[in-house]
$ cat structure_0.cif   # mmCIF, C-alpha atoms and all ligand atoms
data_final
#
loop_
_atom_site.label_atom_id
_atom_site.label_comp_id
_atom_site.auth_asym_id
_atom_site.auth_seq_id
_atom_site.Cartn_x
_atom_site.Cartn_y
_atom_site.Cartn_z
CA MET A 281 77.06 78.56 -29.79
CA LYS A 282 79.49 78.69 -26.86
CA ALA A 283 82.81 76.84 -27.07
CA VAL A 284 86.10 76.84 -25.19
CA ARG A 285 88.92 77.54 -27.64
CA ILE A 286 92.56 78.50 -27.80
CA HIS A 287 94.08 81.03 -30.20
CA GLU A 288 97.63 80.58 -28.88
CA PHE A 289 99.52 77.98 -26.86
CA GLY A 290 100.12 78.67 -23.17
CA GLY A 291 98.87 78.29 -19.62
CA PRO A 292 95.23 77.88 -18.55
CA GLU A 293 94.70 81.63 -19.10
CA VAL A 294 94.71 81.14 -22.90
CA LEU A 295 91.41 79.23 -22.73
CA ARG A 296 88.60 81.42 -24.11
CA TYR A 297 84.90 80.77 -23.54
CA GLU A 298 83.49 82.40 -26.66
CA ASP A 299 80.83 82.43 -29.39
CA VAL A 300 81.53 80.47 -32.56
CA PRO A 301 79.36 79.22 -35.46
CA VAL A 302 77.58 75.88 -35.04
CA PRO A 303 79.54 73.29 -37.11
CA GLN A 304 77.88 71.53 -40.07
CA PRO A 305 78.21 67.75 -40.56
CA GLY A 306 79.82 66.60 -43.83
CA PRO A 307 79.55 63.18 -45.52
CA GLY A 308 79.75 60.35 -42.99
CA GLU A 309 79.46 62.78 -40.05
CA ILE A 310 76.89 63.45 -37.35
CA ARG A 311 76.33 66.63 -35.36
CA VAL A 312 75.92 66.12 -31.63
CA LYS A 313 74.20 68.53 -29.27
CA VAL A 314 76.69 68.09 -26.45
CA ILE A 315 75.33 67.42 -22.96
CA ALA A 316 78.70 66.68 -21.32
CA ALA A 317 82.36 66.76 -22.30
CA GLY A 318 85.14 64.70 -20.73
CA VAL A 319 88.49 66.24 -19.73
CA ASN A 320 91.77 64.43 -20.50
CA PRO A 321 95.45 65.28 -20.00
CA VAL A 322 95.84 65.46 -23.80
CA ASP A 323 93.58 68.56 -23.70
CA TRP A 324 96.04 70.62 -21.65
CA LYS A 325 99.03 69.10 -23.47
CA MET A 326 97.52 70.53 -26.68
CA ARG A 327 96.75 73.82 -24.95
CA ASN A 328 100.32 74.29 -23.68
CA GLY A 329 101.88 73.52 -27.06
CA SER A 330 103.45 70.15 -26.14
CA MET A 331 101.46 68.79 -29.09
CA LYS A 332 101.25 71.13 -32.05
CA VAL A 333 97.81 71.57 -33.60
CA PRO A 334 96.41 74.17 -36.01
CA LEU A 335 94.93 77.23 -34.23
CA PRO A 336 92.40 78.40 -33.30
CA MET A 337 91.23 75.10 -31.86
CA THR A 338 88.21 74.03 -29.85
CA MET A 339 89.48 72.01 -26.90
CA GLY A 340 88.46 68.49 -25.94
CA PHE A 341 87.73 65.11 -27.50
CA ASP A 342 85.18 63.25 -25.39
CA VAL A 343 81.48 64.01 -25.64
CA SER A 344 78.08 62.59 -24.86
CA GLY A 345 74.92 64.10 -26.25
CA ILE A 346 72.07 63.86 -28.74
CA VAL A 347 72.39 63.60 -32.51
CA ASP A 348 70.71 66.70 -33.93
CA ALA A 349 71.74 66.53 -37.61
CA ILE A 350 73.32 63.99 -39.92
CA GLY A 351 75.42 64.49 -43.03
CA PRO A 352 75.08 62.56 -46.31
CA LYS A 353 75.91 58.83 -46.30
CA VAL A 354 75.17 58.25 -42.60
CA ASP A 355 72.98 55.23 -41.97
CA ALA A 356 74.02 54.11 -38.47
CA PHE A 357 72.55 57.08 -36.55
CA TYR A 358 69.40 59.19 -36.59
CA PRO A 359 68.50 62.58 -35.10
CA GLY A 360 67.48 62.01 -31.48
CA ASP A 361 69.94 59.14 -30.85
CA GLN A 362 71.76 59.42 -27.53
CA VAL A 363 75.44 58.89 -28.29
CA TYR A 364 78.94 59.13 -26.90
CA ALA A 365 82.09 59.61 -28.93
CA LYS A 366 85.74 60.48 -29.09
CA ALA A 367 85.84 63.42 -31.48
CA SER A 368 88.84 64.51 -33.54
CA SER A 369 90.80 67.72 -33.08
CA ALA A 370 89.02 69.14 -36.15
CA HIS A 371 85.95 70.09 -34.09
CA GLY A 372 86.55 69.57 -30.38
CA GLY A 373 84.27 68.61 -27.54
CA TYR A 374 84.25 71.60 -25.14
CA ALA A 375 81.34 73.11 -27.09
CA GLU A 376 77.56 73.19 -27.26
CA TYR A 377 77.66 71.31 -30.59
CA THR A 378 80.33 69.16 -32.18
CA VAL A 379 80.68 67.08 -35.32
CA VAL A 380 82.08 63.55 -35.27
CA SER A 381 82.52 60.85 -37.87
CA ASP A 382 79.86 58.14 -37.55
CA SER A 383 82.66 55.59 -37.00
CA GLN A 384 83.83 57.50 -33.89
CA ALA A 385 80.46 57.32 -32.11
CA ALA A 386 78.31 54.67 -30.44
CA LEU A 387 74.96 54.66 -28.71
CA LYS A 388 75.46 55.84 -25.13
CA PRO A 389 75.17 53.17 -22.40
CA ARG A 390 71.49 53.28 -21.40
CA SER A 391 72.08 52.66 -17.70
CA ILE A 392 74.15 55.79 -17.02
CA GLY A 393 73.67 59.52 -17.48
CA PHE A 394 75.38 61.80 -19.98
CA ILE A 395 77.92 63.05 -17.42
CA GLU A 396 79.07 59.49 -16.72
CA ALA A 397 79.11 58.64 -20.45
CA ALA A 398 81.35 61.61 -21.29
CA ALA A 399 83.96 60.21 -18.89
CA VAL A 400 84.41 57.07 -20.98
CA PRO A 401 85.70 57.57 -24.54
CA THR A 402 89.42 58.43 -24.44
CA ALA A 403 90.27 56.76 -21.13
CA GLY A 404 88.09 53.72 -21.77
CA LEU A 405 89.32 53.21 -25.35
CA THR A 406 92.95 53.67 -24.32
CA ALA A 407 92.67 51.09 -21.55
CA TRP A 408 90.80 48.67 -23.86
CA GLN A 409 93.32 49.03 -26.68
CA MET A 410 96.34 48.66 -24.34
CA LEU A 411 95.01 45.52 -22.65
CA PHE A 412 93.24 43.74 -25.46
CA ASP A 413 94.32 45.10 -28.87
CA VAL A 414 98.04 45.43 -28.02
CA ALA A 415 98.77 43.09 -25.06
CA GLY A 416 96.09 40.47 -25.83
CA LEU A 417 95.43 39.99 -22.09
CA LYS A 418 94.08 36.56 -21.12
CA SER A 419 92.17 35.41 -18.06
CA ASP A 420 95.02 33.51 -16.41
CA GLN A 421 97.55 36.34 -16.71
CA LYS A 422 99.02 38.79 -14.21
CA VAL A 423 98.93 42.50 -15.04
CA LEU A 424 100.62 45.39 -13.23
CA ILE A 425 98.78 48.70 -13.76
CA HIS A 426 100.63 51.95 -13.01
CA GLY A 427 98.48 55.02 -12.42
CA ALA A 428 95.55 52.75 -11.62
CA ALA A 429 93.54 55.48 -9.86
CA GLY A 430 93.55 57.79 -12.89
CA GLY A 431 91.30 57.98 -15.93
CA VAL A 432 92.97 55.29 -18.03
CA GLY A 433 94.05 53.23 -15.01
CA SER A 434 90.62 53.03 -13.40
CA PHE A 435 89.19 51.60 -16.64
CA ALA A 436 92.21 49.32 -17.18
CA GLN A 437 91.80 47.85 -13.73
CA GLN A 438 88.10 47.13 -14.23
CA PHE A 439 88.58 45.66 -17.73
CA ALA A 440 91.40 43.42 -16.50
CA LYS A 441 89.27 42.12 -13.61
CA TRP A 442 86.32 41.58 -15.96
CA LYS A 443 88.66 39.50 -18.17
CA GLY A 444 89.61 37.42 -15.11
CA ALA A 445 93.25 38.52 -14.84
CA TYR A 446 95.21 38.92 -11.59
CA VAL A 447 95.64 42.67 -11.05
CA VAL A 448 98.39 44.50 -9.17
CA ALA A 449 97.68 48.24 -9.08
CA THR A 450 99.83 51.22 -8.05
CA ALA A 451 98.72 54.55 -6.56
CA SER A 452 99.51 56.79 -3.61
CA ARG A 453 98.28 55.71 -0.19
CA ASN A 454 95.09 57.76 -0.23
CA ASN A 455 93.91 55.81 -3.29
CA ASN A 456 94.70 52.33 -1.94
CA GLU A 457 91.20 51.61 -0.61
CA PHE A 458 89.73 52.99 -3.83
CA LEU A 459 91.80 50.55 -5.92
CA LYS A 460 90.69 47.65 -3.73
CA SER A 461 87.07 48.71 -4.21
CA LEU A 462 87.64 48.43 -7.99
CA GLY A 463 88.81 44.85 -7.47
CA ALA A 464 92.63 45.01 -7.37
CA ASP A 465 94.14 41.79 -6.02
CA GLU A 466 97.20 43.66 -4.71
CA VAL A 467 97.74 47.36 -4.21
CA ILE A 468 101.14 49.07 -4.04
CA ASP A 469 101.63 52.52 -2.51
CA TYR A 470 104.32 53.80 -4.86
CA ASN A 471 105.69 56.18 -2.21
CA ALA A 472 106.19 53.40 0.35
CA GLN A 473 107.29 50.42 -1.75
CA ARG A 474 109.30 49.89 -4.91
CA PHE A 475 106.98 47.88 -7.13
CA GLU A 476 109.86 45.83 -8.55
CA ASP A 477 110.56 44.47 -5.05
CA VAL A 478 107.02 43.06 -4.91
CA VAL A 479 105.96 42.19 -8.46
CA HIS A 480 107.58 39.35 -10.41
CA ASP A 481 106.66 37.39 -13.51
CA ALA A 482 103.95 39.74 -14.76
CA ASP A 483 102.60 39.01 -18.24
CA VAL A 484 101.59 42.60 -18.93
CA VAL A 485 102.48 46.03 -17.54
CA ILE A 486 100.20 48.98 -18.27
CA ASP A 487 102.15 52.23 -17.82
CA THR A 488 100.42 55.61 -17.75
CA VAL A 489 103.13 57.28 -15.65
CA GLY A 490 106.35 57.00 -17.69
CA GLY A 491 109.87 58.13 -16.75
CA ASP A 492 111.50 56.07 -14.04
CA THR A 493 108.30 54.02 -13.60
CA PHE A 494 108.52 52.87 -17.23
CA ASP A 495 112.27 52.14 -17.00
CA ARG A 496 111.88 50.03 -13.84
CA SER A 497 109.00 48.03 -15.29
CA TRP A 498 110.98 45.86 -17.73
CA GLY A 499 112.34 43.68 -14.92
CA VAL A 500 108.96 42.72 -13.42
CA LEU A 501 107.85 41.06 -16.67
CA LYS A 502 108.34 37.39 -17.43
CA PRO A 503 110.22 36.47 -20.63
CA GLY A 504 107.92 37.20 -23.56
CA GLY A 505 105.87 39.69 -21.49
CA ILE A 506 104.79 43.08 -22.78
CA LEU A 507 105.06 46.64 -21.41
CA VAL A 508 102.48 48.99 -22.95
CA THR A 509 102.83 52.72 -22.29
CA THR A 510 100.80 55.79 -23.09
CA VAL A 511 103.62 58.18 -22.28
CA ALA A 512 107.18 56.83 -22.64
CA ASP A 513 108.96 57.11 -26.00
CA VAL A 514 109.57 53.61 -27.28
CA LEU A 515 111.40 52.61 -30.44
CA GLU A 516 109.38 50.43 -32.82
CA GLY A 517 110.12 46.78 -32.05
CA ALA A 518 111.85 47.52 -28.69
CA THR A 519 112.76 44.22 -26.97
CA ASP A 520 115.16 43.31 -24.16
CA ALA A 521 117.53 40.35 -23.88
CA ARG A 522 114.79 38.26 -22.22
CA GLY A 523 112.30 38.80 -25.04
CA VAL A 524 110.23 41.39 -23.13
CA ARG A 525 108.62 43.80 -25.62
CA ALA A 526 107.57 47.42 -25.13
CA LYS A 527 105.03 49.38 -27.14
CA HIS A 528 103.85 53.00 -27.07
CA ILE A 529 100.17 53.35 -27.87
CA VAL A 530 98.36 56.25 -29.51
CA SER A 531 94.73 55.46 -28.83
CA ARG A 532 92.24 55.72 -31.68
CA ALA A 533 88.61 56.70 -31.81
CA ASP A 534 86.60 53.54 -32.42
CA GLY A 535 82.81 53.45 -32.29
CA SER A 536 82.64 49.65 -32.35
CA GLU A 537 84.87 49.38 -29.27
CA LEU A 538 82.76 52.05 -27.55
CA ALA A 539 79.71 49.87 -28.29
CA GLU A 540 81.47 46.89 -26.62
CA ILE A 541 82.30 49.04 -23.59
CA ALA A 542 78.68 50.25 -23.43
CA LYS A 543 77.56 46.60 -23.11
CA LEU A 544 79.88 46.09 -20.11
CA ILE A 545 78.59 49.27 -18.48
CA ASP A 546 74.95 48.30 -19.06
CA GLY A 547 75.76 44.84 -17.68
CA ARG A 548 77.00 46.59 -14.50
CA LEU A 549 80.40 44.97 -15.04
CA ILE A 550 82.33 48.23 -15.13
CA GLU A 551 81.56 51.83 -14.23
CA PRO A 552 83.09 55.20 -15.03
CA ILE A 553 84.53 56.90 -11.95
CA ILE A 554 83.96 60.65 -11.75
CA THR A 555 85.33 62.94 -9.08
CA THR A 556 84.61 66.41 -10.40
CA VAL A 557 81.87 67.95 -12.54
CA LEU A 558 82.16 71.61 -13.59
CA PRO A 559 80.20 73.79 -16.03
CA LEU A 560 81.67 74.34 -19.51
CA SER A 561 82.49 77.93 -18.57
CA GLU A 562 84.88 76.57 -15.90
CA ALA A 563 87.02 74.54 -18.31
CA ARG A 564 90.04 76.43 -17.04
CA LYS A 565 89.57 75.11 -13.50
CA ALA A 566 88.98 71.60 -14.90
CA GLN A 567 92.29 71.67 -16.78
CA GLU A 568 94.13 73.07 -13.76
CA LEU A 569 92.84 70.13 -11.71
CA SER A 570 93.83 67.65 -14.41
CA GLU A 571 97.34 69.13 -14.54
CA THR A 572 97.95 68.15 -10.90
CA HIS A 573 98.45 64.52 -12.14
CA HIS A 574 96.43 63.34 -9.15
CA THR A 575 92.87 63.14 -10.47
CA ARG A 576 90.97 60.11 -9.18
CA GLY A 577 88.97 58.79 -12.13
CA LYS A 578 87.68 61.55 -14.38
CA ILE A 579 86.76 65.24 -14.56
CA VAL A 580 83.72 66.10 -16.70
CA LEU A 581 82.28 69.38 -17.98
CA SER A 582 78.53 69.80 -17.88
CA VAL A 583 77.48 71.57 -21.11
CA ALA A 584 73.67 71.36 -21.15
CA GLU A 585 70.92 70.01 -18.92
CA GLU A 586 70.32 66.26 -19.14
CA PRO A 587 67.06 65.58 -21.04
CA LYS A 588 64.14 64.33 -18.91
CA LYS A 589 63.68 60.55 -19.23
N1 LIG B 1 99.03 57.96 -25.96
C1 LIG B 1 97.70 58.01 -25.82
O1 LIG B 1 96.93 57.73 -26.73
C2 LIG B 1 97.15 58.41 -24.48
C3 LIG B 1 95.80 58.20 -24.19
C4 LIG B 1 95.31 58.51 -22.92
C5 LIG B 1 96.18 59.05 -21.97
N2 LIG B 1 97.48 59.30 -22.30
C6 LIG B 1 98.41 59.82 -21.30
O2 LIG B 1 98.49 58.88 -20.24
C7 LIG B 1 98.67 59.56 -19.00
C8 LIG B 1 97.59 59.12 -18.04
O3 LIG B 1 96.33 59.52 -18.52
P1 LIG B 1 95.09 59.57 -17.52
O4 LIG B 1 93.94 60.14 -18.24
O5 LIG B 1 94.95 58.26 -16.84
O6 LIG B 1 95.66 60.66 -16.48
P2 LIG B 1 95.11 61.08 -15.05
O7 LIG B 1 93.70 60.65 -14.90
O8 LIG B 1 95.44 62.50 -14.88
O9 LIG B 1 96.04 60.21 -14.06
C9 LIG B 1 96.16 60.64 -12.75
C10 LIG B 1 96.54 59.46 -11.88
O10 LIG B 1 97.93 59.16 -11.96
C11 LIG B 1 98.32 58.63 -10.70
N3 LIG B 1 99.76 58.77 -10.50
C12 LIG B 1 100.48 59.92 -10.54
N4 LIG B 1 101.80 59.62 -10.33
C13 LIG B 1 101.88 58.25 -10.17
C14 LIG B 1 102.95 57.34 -9.94
N5 LIG B 1 104.22 57.75 -9.84
N6 LIG B 1 102.66 56.00 -9.86
C15 LIG B 1 101.38 55.57 -9.95
N7 LIG B 1 100.31 56.39 -10.17
C16 LIG B 1 100.57 57.72 -10.28
C17 LIG B 1 97.54 59.44 -9.70
O11 LIG B 1 97.33 58.65 -8.55
P3 LIG B 1 97.79 59.25 -7.11
O12 LIG B 1 97.00 60.54 -6.95
O13 LIG B 1 97.42 58.19 -6.14
O14 LIG B 1 99.26 59.53 -7.26
C18 LIG B 1 96.23 59.77 -10.43
O15 LIG B 1 95.15 58.96 -10.01
C19 LIG B 1 98.65 61.06 -19.34
O16 LIG B 1 99.97 61.52 -19.48
C20 LIG B 1 97.94 61.11 -20.68
O17 LIG B 1 98.28 62.23 -21.47
C21 LIG B 1 97.98 59.00 -23.54
#
$ encode --input "structure_0.cif" --output "structure tokens" --more "lines below"
Ligand SMILES: NC(=O)c1ccc[n+]([C@@H]2O[C@H](COP(=O)([O-])OP(=O)(O)OC[C@H]3O[C@@H](n4cnc5c(N)ncnc54)[C@H](OP(=O)(O)O)[C@@H]3O)[C@@H](O)[C@H]2O)c1
Amino acid sequence: MKAVRIHEFGGPEVLRYEDVPVPQPGPGEIRVKVIAAGVNPVDWKMRNGSMKVPLPMTMGFDVSGIVDAIGPKVDAFYPGDQVYAKASSAHGGYAEYTVVSDSQAALKPRSIGFIEAAAVPTAGLTAWQMLFDVAGLKSDQKVLIHGAAGGVGSFAQQFAKWKGAYVVATASRNNNEFLKSLGADEVIDYNAQRFEDVVHDADVVIDTVGGDTFDRSWGVLKPGGILVTTVADVLEGATDARGVRAKHIVSRADGSELAEIAKLIDGRLIEPIITTVLPLSEARKAQELSETHHTRGKIVLSVAEEPKK
């Protein structure tokens, strides 16, 4: 089968589109014939060596596709099931076939195609886990979302609105209308306004930007509020004098949460936002786009033709 792999860490030029054996599912695992693979910043962070992983490695985590084989002790899925999943680094998603644990997969939302479904797992799960598992967001709360136009942010914004929270979202000016269309109550152009001049007494801050943005976020939270970040280094139990807490999240693959998200998508309550679709053989271009830090929504690789309905 074809897969996009790395044999050394480096720039986009180290990505190789090559032939590799089809992986076999072990106990508790399913093999997925991949129709589409989602692209995330973690993919190029692994490629460039910022995160050390054993090599060679097949790139990518997020897939949608059709179960074509199951290993022993799998009773939740059958060959022919249409699924989506966040895979582990053991197999990788930029490939014609991948193997995932049955606990990492869920049935794909029925109302959307495979390309849209592949955009969901990492970004959707990260947003879900930040807002609900870590921050425990409630309907009467105010949340500030940094990076709201990106993969994680565009899901976070929609989940927070679905929950009934008041949402303040940051992006550059050309994404302001986009954020309003996703339901933001207030939008801040981070180049024109300092968010801490405008936002006060937030219950939750979702930070996908880090650096100065993370540092300046403590002050916008009310006492007892929580700052959840995907990027900044935070010491375990970090708290300021006002009782504001900060937590760094490492998102986990979770099939049951993907099933919850699928219900919201099928209920037309949230939707994946996709700006670019490229063939698997153009994974290099996809990662170069992702590395600009200015993707709106998601980039997805098309791996195989969508099956006829
Ligand atoms: N720890 C984990 O488990 C985990 C999980 C998922 C993601 N992450 C990390 O979280 C980060 C975000 O992930 P992602 O998938 O959402 O990335 P992404 O889709 O590439 O995010 C791009 C977005 O960031 C926005 N942005 C850039 N600079 C900004 C700023 N100063 N203020 C506000 N928005 C800004 C851009 O909006 P404009 O174009 O309008 O600037 C763009 O829409 C990445 O570093 C990723 O590696 C970590």
$ closest_residue --input "structure_0.cif" --among "A:Thr402, A:Gly505, A:Asp382, A:Pro389" --to "A:Gly340" --atoms "all atoms listed in the file"
A:Thr402
$ closest_residue --input "structure_0.cif" --among "A:Asp487, A:Glu298, A:Glu288, A:Glu586" --to "A:Leu411" --atoms "only C-alpha atoms"
A:Asp487
$ closest_atom_pairs --input "structure_0.cif" --of "chain A" --to "ligand LIG 1 (chain B)" --cutoff "6 Å" --atoms "all atoms listed in the file" --output "Markdown table"
| residue | atom | partner | partner_atom | distance |
| --- | --- | --- | --- | --- |
| A:Asn320 | CA | B:LIG1 | O4 | 5.3 |
| A:Pro321 | CA | B:LIG1 | O17 | 4.4 |
| A:Val322 | CA | B:LIG1 | O17 | 4.7 |
| A:Ala403 | CA | B:LIG1 | C4 | 5.6 |
| A:Thr406 | CA | B:LIG1 | C3 | 5.4 |
| A:His426 | CA | B:LIG1 | C15 | 4.8 |
| A:Gly427 | CA | B:LIG1 | N7 | 3.2 |
| A:Ala429 | CA | B:LIG1 | O15 | 3.8 |
| A:Gly430 | CA | B:LIG1 | O15 | 3.5 |
| A:Gly431 | CA | B:LIG1 | O7 | 3.7 |
| A:Val432 | CA | B:LIG1 | O5 | 3.8 |
| A:Gly433 | CA | B:LIG1 | O5 | 5.4 |
| A:Thr450 | CA | B:LIG1 | C15 | 5.0 |
| A:Ala451 | CA | B:LIG1 | O13 | 3.9 |
| A:Ser452 | CA | B:LIG1 | O13 | 3.6 |
| A:Asn455 | CA | B:LIG1 | O13 | 5.1 |
| A:Tyr470 | CA | B:LIG1 | N6 | 5.7 |
| A:Thr488 | CA | B:LIG1 | C7 | 4.5 |
| A:Val489 | CA | B:LIG1 | C13 | 5.7 |
| A:Thr510 | CA | B:LIG1 | N1 | 4.0 |
| A:Val511 | CA | B:LIG1 | C6 | 5.5 |
| A:Ile529 | CA | B:LIG1 | N1 | 5.1 |
| A:Val530 | CA | B:LIG1 | O1 | 3.5 |
| A:Ser531 | CA | B:LIG1 | O1 | 3.8 |
| A:Ser570 | CA | B:LIG1 | O8 | 5.4 |
| A:His573 | CA | B:LIG1 | O8 | 4.5 |
| A:His574 | CA | B:LIG1 | O12 | 3.6 |
| A:Thr575 | CA | B:LIG1 | C9 | 4.7 |
| A:Arg576 | CA | B:LIG1 | O15 | 4.4 |
| A:Gly577 | CA | B:LIG1 | O7 | 5.8 |
$ write_last_selection --input "structure_0.cif" --atoms "C-alpha atoms" --output "PDB file, keeping the file's coordinate frame"
ATOM      1  CA  ASN A 320      91.770  64.430 -20.500  1.00  0.00           C
ATOM      2  CA  PRO A 321      95.450  65.280 -20.000  1.00  0.00           C
ATOM      3  CA  VAL A 322      95.840  65.460 -23.800  1.00  0.00           C
ATOM      4  CA  ALA A 403      90.270  56.760 -21.130  1.00  0.00           C
ATOM      5  CA  THR A 406      92.950  53.670 -24.320  1.00  0.00           C
ATOM      6  CA  HIS A 426     100.630  51.950 -13.010  1.00  0.00           C
ATOM      7  CA  GLY A 427      98.480  55.020 -12.420  1.00  0.00           C
ATOM      8  CA  ALA A 429      93.540  55.480  -9.860  1.00  0.00           C
ATOM      9  CA  GLY A 430      93.550  57.790 -12.890  1.00  0.00           C
ATOM     10  CA  GLY A 431      91.300  57.980 -15.930  1.00  0.00           C
ATOM     11  CA  VAL A 432      92.970  55.290 -18.030  1.00  0.00           C
ATOM     12  CA  GLY A 433      94.050  53.230 -15.010  1.00  0.00           C
ATOM     13  CA  THR A 450      99.830  51.220  -8.050  1.00  0.00           C
ATOM     14  CA  ALA A 451      98.720  54.550  -6.560  1.00  0.00           C
ATOM     15  CA  SER A 452      99.510  56.790  -3.610  1.00  0.00           C
ATOM     16  CA  ASN A 455      93.910  55.810  -3.290  1.00  0.00           C
ATOM     17  CA  TYR A 470     104.320  53.800  -4.860  1.00  0.00           C
ATOM     18  CA  THR A 488     100.420  55.610 -17.750  1.00  0.00           C
ATOM     19  CA  VAL A 489     103.130  57.280 -15.650  1.00  0.00           C
ATOM     20  CA  THR A 510     100.800  55.790 -23.090  1.00  0.00           C
ATOM     21  CA  VAL A 511     103.620  58.180 -22.280  1.00  0.00           C
ATOM     22  CA  ILE A 529     100.170  53.350 -27.870  1.00  0.00           C
ATOM     23  CA  VAL A 530      98.360  56.250 -29.510  1.00  0.00           C
ATOM     24  CA  SER A 531      94.730  55.460 -28.830  1.00  0.00           C
ATOM     25  CA  SER A 570      93.830  67.650 -14.410  1.00  0.00           C
ATOM     26  CA  HIS A 573      98.450  64.520 -12.140  1.00  0.00           C
ATOM     27  CA  HIS A 574      96.430  63.340  -9.150  1.00  0.00           C
ATOM     28  CA  THR A 575      92.870  63.140 -10.470  1.00  0.00           C
ATOM     29  CA  ARG A 576      90.970  60.110  -9.180  1.00  0.00           C
ATOM     30  CA  GLY A 577      88.970  58.790 -12.130  1.00  0.00           C
TER      31      GLY A 577
END
$ closest_residue --input "structure_0.cif" --among "A:Ala445, A:Ala385, A:Ile392, A:Ala375" --to "A:Leu417" --atoms "all atoms listed in the file"
A:Ala445
$ residues_around --input "structure_0.cif" --residues "stretch 520-526 of chain A" --least-positions-apart "2" --cutoff "8 Å" --atoms "only C-alpha atoms" --output "VMD selection string"
chain A and resid 498 501 to 509 514 517 to 518 528
$ closest_residue --input "structure_0.cif" --among "A:Gly318, A:Gly444, A:Pro301, A:Gly416" --to "A:Pro559" --atoms "all atoms listed in the file"
A:Gly318
$ residues_around --input "structure_0.cif" --residues "A:Phe439" --least-positions-apart "5" --cutoff "12 Å" --atoms "only C-alpha atoms" --output "PyMOL selection string"
chain A and resi 403-412+417-419+423+425+428+432-434+444-447+462-464+540-541+544-545+549-552
$ closest_residue --input "structure_0.cif" --among "A:Asp483, A:Gln438, A:Ala472, A:Ala584" --to "A:Lys422" --atoms "all atoms listed in the file"
A:Asp483
